[in-house]
>>> print(open('coords_24.cif').read())   # mmCIF, C-alpha atoms; chains and numbers go by the auth columns
data_model
#
loop_
_atom_site.group_PDB
_atom_site.id
_atom_site.type_symbol
_atom_site.label_atom_id
_atom_site.label_comp_id
_atom_site.label_asym_id
_atom_site.label_seq_id
_atom_site.Cartn_x
_atom_site.Cartn_y
_atom_site.Cartn_z
_atom_site.B_iso_or_equiv
_atom_site.auth_seq_id
_atom_site.auth_asym_id
ATOM 1 C CA MET A 1 0.000 0.000 0.000 0.00 1 A
ATOM 2 C CA SER A 2 1.138 3.492 -0.718 0.00 2 A
ATOM 3 C CA ASP A 3 2.278 5.690 2.139 0.00 3 A
ATOM 4 C CA VAL A 4 -0.035 8.455 0.931 0.00 4 A
ATOM 5 C CA LEU A 5 -2.480 7.912 3.820 0.00 5 A
ATOM 6 C CA ARG A 6 0.316 8.112 6.382 0.00 6 A
ATOM 7 C CA GLN A 7 1.694 11.228 4.700 0.00 7 A
ATOM 8 C CA LEU A 8 -1.774 12.786 4.679 0.00 8 A
ATOM 9 C CA ALA A 9 -2.292 11.895 8.354 0.00 9 A
ATOM 10 C CA ASP A 10 1.061 13.508 9.171 0.00 10 A
ATOM 11 C CA THR A 11 0.105 16.657 7.259 0.00 11 A
ATOM 12 C CA ILE A 12 -3.246 16.847 9.054 0.00 12 A
ATOM 13 C CA GLU A 13 -1.495 16.413 12.409 0.00 13 A
ATOM 14 C CA ALA A 14 0.943 19.202 11.531 0.00 14 A
ATOM 15 C CA ARG A 15 -1.946 21.515 10.675 0.00 15 A
ATOM 16 C CA LYS A 16 -3.635 21.077 14.074 0.00 16 A
ATOM 17 C CA ASN A 17 -1.946 24.191 15.409 0.00 17 A
ATOM 18 C CA ALA A 18 -1.753 26.129 12.157 0.00 18 A
ATOM 19 C CA ASP A 19 -3.558 29.380 11.511 0.00 19 A
ATOM 20 C CA PRO A 20 -7.089 28.552 10.309 0.00 20 A
ATOM 21 C CA GLN A 21 -6.702 31.286 7.681 0.00 21 A
ATOM 22 C CA SER A 22 -3.764 29.420 6.158 0.00 22 A
ATOM 23 C CA SER A 23 -5.232 25.956 5.694 0.00 23 A
ATOM 24 C CA TRP A 24 -8.586 24.263 5.082 0.00 24 A
ATOM 25 C CA THR A 25 -7.495 21.471 7.425 0.00 25 A
ATOM 26 C CA ALA A 26 -6.616 23.931 10.195 0.00 26 A
ATOM 27 C CA LYS A 27 -9.906 25.749 9.641 0.00 27 A
ATOM 28 C CA LEU A 28 -11.896 22.523 9.881 0.00 28 A
ATOM 29 C CA LEU A 29 -10.015 21.362 12.984 0.00 29 A
ATOM 30 C CA ALA A 30 -10.526 24.766 14.630 0.00 30 A
ATOM 31 C CA LYS A 31 -14.281 24.228 14.352 0.00 31 A
ATOM 32 C CA GLY A 32 -13.969 21.197 16.596 0.00 32 A
ATOM 33 C CA PRO A 33 -14.551 17.450 16.496 0.00 33 A
ATOM 34 C CA ASP A 34 -18.296 17.724 15.943 0.00 34 A
ATOM 35 C CA LYS A 35 -17.813 19.730 12.743 0.00 35 A
ATOM 36 C CA ALA A 36 -15.139 17.312 11.552 0.00 36 A
ATOM 37 C CA ALA A 37 -17.538 14.407 12.123 0.00 37 A
ATOM 38 C CA GLU A 38 -20.354 16.245 10.350 0.00 38 A
ATOM 39 C CA LYS A 39 -18.143 16.915 7.336 0.00 39 A
ATOM 40 C CA PHE A 40 -17.060 13.266 7.242 0.00 40 A
ATOM 41 C CA GLY A 41 -20.719 12.233 7.233 0.00 41 A
ATOM 42 C CA GLU A 42 -21.524 14.608 4.370 0.00 42 A
ATOM 43 C CA GLU A 43 -18.683 13.226 2.288 0.00 43 A
ATOM 44 C CA ALA A 44 -19.689 9.626 3.068 0.00 44 A
ATOM 45 C CA VAL A 45 -23.231 10.318 1.847 0.00 45 A
ATOM 46 C CA GLU A 46 -21.853 11.840 -1.356 0.00 46 A
ATOM 47 C CA ALA A 47 -19.769 8.687 -1.904 0.00 47 A
ATOM 48 C CA VAL A 48 -22.819 6.484 -1.341 0.00 48 A
ATOM 49 C CA ILE A 49 -24.818 8.491 -3.879 0.00 49 A
ATOM 50 C CA ALA A 50 -22.030 8.148 -6.441 0.00 50 A
ATOM 51 C CA ALA A 51 -21.905 4.388 -5.809 0.00 51 A
ATOM 52 C CA VAL A 52 -25.673 4.006 -6.183 0.00 52 A
ATOM 53 C CA LYS A 53 -25.532 5.958 -9.452 0.00 53 A
ATOM 54 C CA ASN A 54 -22.669 3.743 -10.626 0.00 54 A
ATOM 55 C CA ASP A 55 -20.627 6.889 -11.284 0.00 55 A
ATOM 56 C CA ARG A 56 -17.115 5.478 -11.067 0.00 56 A
ATOM 57 C CA ASP A 57 -15.273 8.765 -11.594 0.00 57 A
ATOM 58 C CA ASN A 58 -17.311 10.638 -9.003 0.00 58 A
ATOM 59 C CA LEU A 59 -17.092 7.714 -6.580 0.00 59 A
ATOM 60 C CA THR A 60 -13.302 7.821 -6.888 0.00 60 A
ATOM 61 C CA TYR A 61 -13.317 11.570 -6.194 0.00 61 A
ATOM 62 C CA GLU A 62 -15.733 11.274 -3.270 0.00 62 A
ATOM 63 C CA ALA A 63 -13.853 8.298 -1.808 0.00 63 A
ATOM 64 C CA ALA A 64 -10.735 10.469 -1.655 0.00 64 A
ATOM 65 C CA ASP A 65 -12.781 13.112 0.174 0.00 65 A
ATOM 66 C CA VAL A 66 -14.076 10.460 2.569 0.00 66 A
ATOM 67 C CA LEU A 67 -10.560 9.263 3.390 0.00 67 A
ATOM 68 C CA TYR A 68 -9.319 12.812 3.924 0.00 68 A
ATOM 69 C CA HIS A 69 -12.246 13.762 6.154 0.00 69 A
ATOM 70 C CA LEU A 70 -11.958 10.478 8.077 0.00 70 A
ATOM 71 C CA LEU A 71 -8.354 11.352 8.874 0.00 71 A
ATOM 72 C CA VAL A 72 -9.382 14.870 9.931 0.00 72 A
ATOM 73 C CA MET A 73 -12.098 13.432 12.180 0.00 73 A
ATOM 74 C CA LEU A 74 -9.622 10.993 13.720 0.00 74 A
ATOM 75 C CA ALA A 75 -7.127 13.813 14.318 0.00 75 A
ATOM 76 C CA ALA A 76 -9.830 15.942 15.910 0.00 76 A
ATOM 77 C CA ARG A 77 -10.381 13.140 18.439 0.00 77 A
ATOM 78 C CA ASN A 78 -6.663 12.310 18.807 0.00 78 A
ATOM 79 C CA VAL A 79 -6.973 8.873 17.242 0.00 79 A
ATOM 80 C CA ALA A 80 -3.833 8.007 15.293 0.00 80 A
ATOM 81 C CA LEU A 81 -4.016 6.391 11.868 0.00 81 A
ATOM 82 C CA GLU A 82 -1.513 3.840 13.188 0.00 82 A
ATOM 83 C CA ASP A 83 -4.061 2.759 15.807 0.00 83 A
ATOM 84 C CA VAL A 84 -6.686 2.202 13.106 0.00 84 A
ATOM 85 C CA LEU A 85 -4.194 0.295 10.961 0.00 85 A
ATOM 86 C CA ALA A 86 -3.210 -1.835 13.961 0.00 86 A
ATOM 87 C CA GLU A 87 -6.869 -2.695 14.503 0.00 87 A
ATOM 88 C CA LEU A 88 -7.210 -3.715 10.862 0.00 88 A
ATOM 89 C CA GLU A 89 -4.091 -5.869 11.191 0.00 89 A
ATOM 90 C CA ARG A 90 -5.559 -7.475 14.322 0.00 90 A
ATOM 91 C CA ARG A 91 -8.682 -8.366 12.353 0.00 91 A
ATOM 92 C CA ALA A 92 -6.802 -9.677 9.305 0.00 92 A
ATOM 93 C CA GLY A 93 -7.612 -13.286 8.565 0.00 93 A
ATOM 94 C CA THR A 94 -10.637 -13.257 10.850 0.00 94 A
ATOM 95 C CA SER A 95 -14.079 -13.751 9.414 0.00 95 A
ATOM 96 C CA GLY A 96 -16.283 -10.679 9.765 0.00 96 A
ATOM 97 C CA ILE A 97 -18.927 -12.911 11.308 0.00 97 A
ATOM 98 C CA ALA A 98 -16.477 -14.254 13.892 0.00 98 A
ATOM 99 C CA GLU A 99 -15.097 -10.780 14.611 0.00 99 A
ATOM 100 C CA LYS A 100 -18.569 -9.360 15.281 0.00 100 A
ATOM 101 C CA ALA A 101 -19.476 -12.334 17.486 0.00 101 A
ATOM 102 C CA GLY A 102 -16.372 -11.671 19.578 0.00 102 A
ATOM 103 C CA ARG A 103 -17.392 -8.133 20.483 0.00 103 A
#
>>> encode(input="coords_24.cif", output="structure tokens")
Amino acid sequence: MSDVLRQLADTIEARKNADPQSSWTAKLLAKGPDKAAEKFGEEAVEAVIAAVKNDRDNLTYEAADVLYHLLVMLAARNVALEDVLAELERRAGTSGIAEKAGR
């Protein structure tokens, strides 16, 4: 997998204390975790609509927005991408049915 998600997460983390006038990420983070979560939800809905319409190009675009806004939301709540990746690694090779039953 490309390191682009890690690089993006690092950039978002670096923008946490930046001037909100200098960066969209800083501006979004300055509005707080609730706004970051709201924006993630909006982007997720847009991706779902693109998928339902079978609009591959728009789905690709919206999926990138979803990933970006997910990382912003995680940063707003101080959840590291590495923690999410570790959880995915923990689940690797486990059936989704078995994983859910173990919760």
>>> atom_distance(input="coords_24.cif", atom1="CA of Ile12 in chain A", atom2="CA of Leu71 in chain A")
7.5 Å
>>> atom_distance(input="coords_24.cif", atom1="CA of Val84 in chain A", atom2="CA of Pro33 in chain A")
17.5 Å
>>> atom_distance(input="coords_24.cif", atom1="CA of Val45 in chain A", atom2="CA of Leu85 in chain A")
23.4 Å
>>> residues_around(input="coords_24.cif", residues="range 25-29 of chain A", least_positions_apart="6", cutoff="10 Å", atoms="only C-alpha atoms", output="list in words")
Thr11, Ile12, Glu13, Ala14, Arg15, Lys16, Asn17, Ala18, Asp19, Lys35, Ala36, Lys39, Tyr68, His69, Val72, Met73, Ala75, Ala76 and Arg77 of chain A
>>> write_last_selection(input="coords_24.cif", atoms="C-alpha atoms", output="mmCIF file, in the coordinates of the input")
data_model
loop_
_atom_site.group_PDB
_atom_site.id
_atom_site.type_symbol
_atom_site.label_atom_id
_atom_site.label_comp_id
_atom_site.auth_asym_id
_atom_site.auth_seq_id
_atom_site.Cartn_x
_atom_site.Cartn_y
_atom_site.Cartn_z
ATOM 1 C CA THR A 11 0.105 16.657 7.259
ATOM 2 C CA ILE A 12 -3.246 16.847 9.054
ATOM 3 C CA GLU A 13 -1.495 16.413 12.409
ATOM 4 C CA ALA A 14 0.943 19.202 11.531
ATOM 5 C CA ARG A 15 -1.946 21.515 10.675
ATOM 6 C CA LYS A 16 -3.635 21.077 14.074
ATOM 7 C CA ASN A 17 -1.946 24.191 15.409
ATOM 8 C CA ALA A 18 -1.753 26.129 12.157
ATOM 9 C CA ASP A 19 -3.558 29.380 11.511
ATOM 10 C CA LYS A 35 -17.813 19.730 12.743
ATOM 11 C CA ALA A 36 -15.139 17.312 11.552
ATOM 12 C CA LYS A 39 -18.143 16.915 7.336
ATOM 13 C CA TYR A 68 -9.319 12.812 3.924
ATOM 14 C CA HIS A 69 -12.246 13.762 6.154
ATOM 15 C CA VAL A 72 -9.382 14.870 9.931
ATOM 16 C CA MET A 73 -12.098 13.432 12.180
ATOM 17 C CA ALA A 75 -7.127 13.813 14.318
ATOM 18 C CA ALA A 76 -9.830 15.942 15.910
ATOM 19 C CA ARG A 77 -10.381 13.140 18.439
#
>>> residues_around(input="coords_24.cif", residues="Asp65 in chain A", least_positions_apart="5", cutoff="9 Å", atoms="only C-alpha atoms", output="NGL selection string")
:A and (40 or 43-44 or 47 or 60 or 70)
>>> residues_around(input="coords_24.cif", residues="Asp3 in chain A", least_positions_apart="4", cutoff="12 Å", atoms="all atoms listed in the file", output="ChimeraX atom specification")
/A:7-10,81-82
>>> closest_residue(input="coords_24.cif", among="A:Ala86, A:Ala92, A:Val79, A:Ala64", to="Glu46 in chain A", atoms="all atoms listed in the file")
A:Ala64
>>> axis_aligned_box(input="coords_24.cif", around="range 72-84 of chain A", padding_each_side="8 Å", output="lines of an AutoDock Vina configuration file")
center_x = -6.8
center_y = 9.1
center_z = 14.4
size_x = 26.6
size_y = 29.7
size_z = 24.9
>>> closest_residue(input="coords_24.cif", among="A:Ala37, A:Lys31, A:Val4, A:Leu59", to="Leu74 in chain A", atoms="only C-alpha atoms")
A:Ala37
